[in-house]
Amino acid sequence: MAHLIFDEDEDEARQLRDSARERAAAGEGLLAYTLEQLAAEGIDLSKATPYTDAQARHRLGDTDAARTAGAA
């Protein structure tokens with residue numbers, strides 16, 4: 001089972017936490033919590049949805065995802 005974690009000293013974790021603070025300030029508490037948890041605990045990649053499955057579920061073409069925020 002693959003598990004992706006972010007080193008607390010690395011830029012990716014800092015960016016996730018910065019984004020979490022921005023989302024919390026915008027009133028998006030659930031998304032802020034999710035981003036913070038991702039930064040702290042990482043993600044079990046065996047449970048992640050493949051991008052192609054997300055495309056099919058949302059009926060997105062290759063160019064749609066680039067234009068639609070949060071599509072994948």
# chains A, B, ... in the order shown; residues from 1 in each chain; ligands from 1
>>> residues_around(residues="stretch 33-50 of chain A", least_positions_apart="4", cutoff="7 Å", atoms="only C-alpha atoms", output="list in words")
Met1, Ala2, His3, Leu4, Ile5, Phe6, Ala13, Leu16, Arg17, Ala20, Gly29 and Ala54 of chain A
>>> atom_distance(atom1="atom CA of A:Gln55", atom2="atom CA of A:Gln15")
25.5 Å
>>> select_by_dssp(residues="chain A", states="helix (DSSP H, G or I)", output="ChimeraX atom specification")
/A:11-25,29-41,45-47,51-57,64-67
>>> write_last_selection(atoms="N, CA and C atoms", output="CSV table (one decimal), in the first residue's frame")
chain,number,residue,atom,x,y,z
A,11,ASP,N,8.2,22.4,1.3
A,11,ASP,CA,7.3,23.5,0.8
A,11,ASP,C,5.9,23.0,0.5
A,12,GLU,N,5.7,21.7,0.2
A,12,GLU,CA,4.3,21.2,-0.1
A,12,GLU,C,3.4,21.3,1.1
A,13,ALA,N,3.9,20.9,2.3
A,13,ALA,CA,3.1,20.9,3.5
A,13,ALA,C,2.8,22.4,3.8
A,14,ARG,N,3.8,23.3,3.7
A,14,ARG,CA,3.6,24.7,4.0
A,14,ARG,C,2.5,25.3,3.1
A,15,GLN,N,2.6,24.9,1.8
A,15,GLN,CA,1.6,25.4,0.8
A,15,GLN,C,0.2,24.9,1.2
A,16,LEU,N,0.1,23.6,1.6
A,16,LEU,CA,-1.2,23.1,1.9
A,16,LEU,C,-1.8,23.8,3.2
A,17,ARG,N,-0.9,24.1,4.1
A,17,ARG,CA,-1.4,24.8,5.3
A,17,ARG,C,-1.7,26.2,5.0
A,18,ASP,N,-1.0,26.9,4.2
A,18,ASP,CA,-1.3,28.3,3.7
A,18,ASP,C,-2.7,28.3,3.1
A,19,SER,N,-2.9,27.3,2.2
A,19,SER,CA,-4.2,27.2,1.5
A,19,SER,C,-5.3,26.9,2.5
A,20,ALA,N,-5.1,26.1,3.5
A,20,ALA,CA,-6.1,25.8,4.5
A,20,ALA,C,-6.5,27.0,5.3
A,21,ARG,N,-5.5,27.9,5.6
A,21,ARG,CA,-5.8,29.1,6.3
A,21,ARG,C,-6.6,30.1,5.4
A,22,GLU,N,-6.3,30.1,4.1
A,22,GLU,CA,-7.1,31.0,3.2
A,22,GLU,C,-8.5,30.5,3.1
A,23,ARG,N,-8.7,29.1,3.0
A,23,ARG,CA,-10.0,28.6,2.9
A,23,ARG,C,-10.8,28.8,4.2
A,24,ALA,N,-10.2,28.7,5.3
A,24,ALA,CA,-10.9,28.9,6.6
A,24,ALA,C,-11.3,30.3,6.7
A,25,ALA,N,-10.5,31.3,6.3
A,25,ALA,CA,-10.9,32.7,6.3
A,25,ALA,C,-12.0,33.0,5.4
A,29,GLY,N,-14.8,25.8,5.9
A,29,GLY,CA,-14.2,25.1,7.0
A,29,GLY,C,-13.9,23.6,6.6
A,30,LEU,N,-14.7,22.9,5.9
A,30,LEU,CA,-14.5,21.5,5.6
A,30,LEU,C,-13.3,21.4,4.7
A,31,LEU,N,-13.2,22.2,3.7
A,31,LEU,CA,-12.0,22.2,2.8
A,31,LEU,C,-10.8,22.5,3.5
A,32,ALA,N,-10.8,23.5,4.4
A,32,ALA,CA,-9.7,23.9,5.2
A,32,ALA,C,-9.2,22.7,6.1
A,33,TYR,N,-10.2,22.1,6.7
A,33,TYR,CA,-9.8,20.9,7.6
A,33,TYR,C,-9.2,19.8,6.7
A,34,THR,N,-9.7,19.5,5.6
A,34,THR,CA,-9.2,18.5,4.7
A,34,THR,C,-7.8,18.8,4.3
A,35,LEU,N,-7.5,20.0,3.9
A,35,LEU,CA,-6.2,20.4,3.5
A,35,LEU,C,-5.2,20.3,4.6
A,36,GLU,N,-5.6,20.7,5.8
A,36,GLU,CA,-4.7,20.6,7.0
A,36,GLU,C,-4.4,19.1,7.3
A,37,GLN,N,-5.4,18.3,7.2
A,37,GLN,CA,-5.2,16.9,7.5
A,37,GLN,C,-4.3,16.3,6.5
A,38,LEU,N,-4.4,16.6,5.2
A,38,LEU,CA,-3.6,16.2,4.2
A,38,LEU,C,-2.1,16.6,4.4
A,39,ALA,N,-1.9,17.8,4.9
A,39,ALA,CA,-0.6,18.3,5.2
A,39,ALA,C,0.0,17.5,6.4
A,40,ALA,N,-0.8,17.2,7.3
A,40,ALA,CA,-0.4,16.6,8.6
A,40,ALA,C,-0.2,15.1,8.4
A,41,GLU,N,-1.1,14.4,7.7
A,41,GLU,CA,-1.1,12.9,7.7
A,41,GLU,C,-0.8,12.3,6.3
A,45,LEU,N,-2.6,6.4,-1.0
A,45,LEU,CA,-2.8,6.4,-2.4
A,45,LEU,C,-3.6,5.3,-3.0
A,46,SER,N,-3.7,4.2,-2.2
A,46,SER,CA,-4.5,3.0,-2.6
A,46,SER,C,-6.0,3.4,-2.6
A,47,LYS,N,-6.3,4.4,-1.9
A,47,LYS,CA,-7.7,4.8,-1.8
A,47,LYS,C,-8.0,6.1,-2.6
A,51,TYR,N,-7.4,9.9,-11.8
A,51,TYR,CA,-7.9,11.0,-12.5
A,51,TYR,C,-8.8,10.6,-13.7
A,52,THR,N,-8.5,9.5,-14.3
A,52,THR,CA,-9.4,9.1,-15.4
A,52,THR,C,-10.8,8.7,-14.9
A,53,ASP,N,-10.9,8.2,-13.7
A,53,ASP,CA,-12.2,7.9,-13.1
A,53,ASP,C,-12.9,9.2,-12.8
A,54,ALA,N,-12.2,10.2,-12.3
A,54,ALA,CA,-12.9,11.5,-12.0
A,54,ALA,C,-13.3,12.1,-13.3
A,55,GLN,N,-12.6,12.0,-14.3
A,55,GLN,CA,-13.0,12.5,-15.6
A,55,GLN,C,-14.3,11.9,-16.1
A,56,ALA,N,-14.3,10.6,-16.0
A,56,ALA,CA,-15.5,9.8,-16.5
A,56,ALA,C,-16.7,10.2,-15.6
A,57,ARG,N,-16.5,10.3,-14.3
A,57,ARG,CA,-17.6,10.6,-13.4
A,57,ARG,C,-18.2,11.9,-13.6
A,64,ASP,N,-11.4,20.2,-20.3
A,64,ASP,CA,-12.4,20.7,-19.3
A,64,ASP,C,-11.7,20.8,-17.9
A,65,ALA,N,-10.9,19.9,-17.5
A,65,ALA,CA,-10.4,19.9,-16.1
A,65,ALA,C,-9.5,21.1,-15.9
A,66,ALA,N,-8.8,21.6,-16.9
A,66,ALA,CA,-8.0,22.8,-16.8
A,66,ALA,C,-8.8,24.0,-16.6
A,67,ARG,N,-10.0,24.0,-17.1
A,67,ARG,CA,-10.9,25.2,-17.0
A,67,ARG,C,-11.8,25.2,-15.8
>>> select_by_dssp(residues="chain A", states="strand (DSSP E or B)", output="PyMOL selection string")
chain A and resi 3-4+43-44
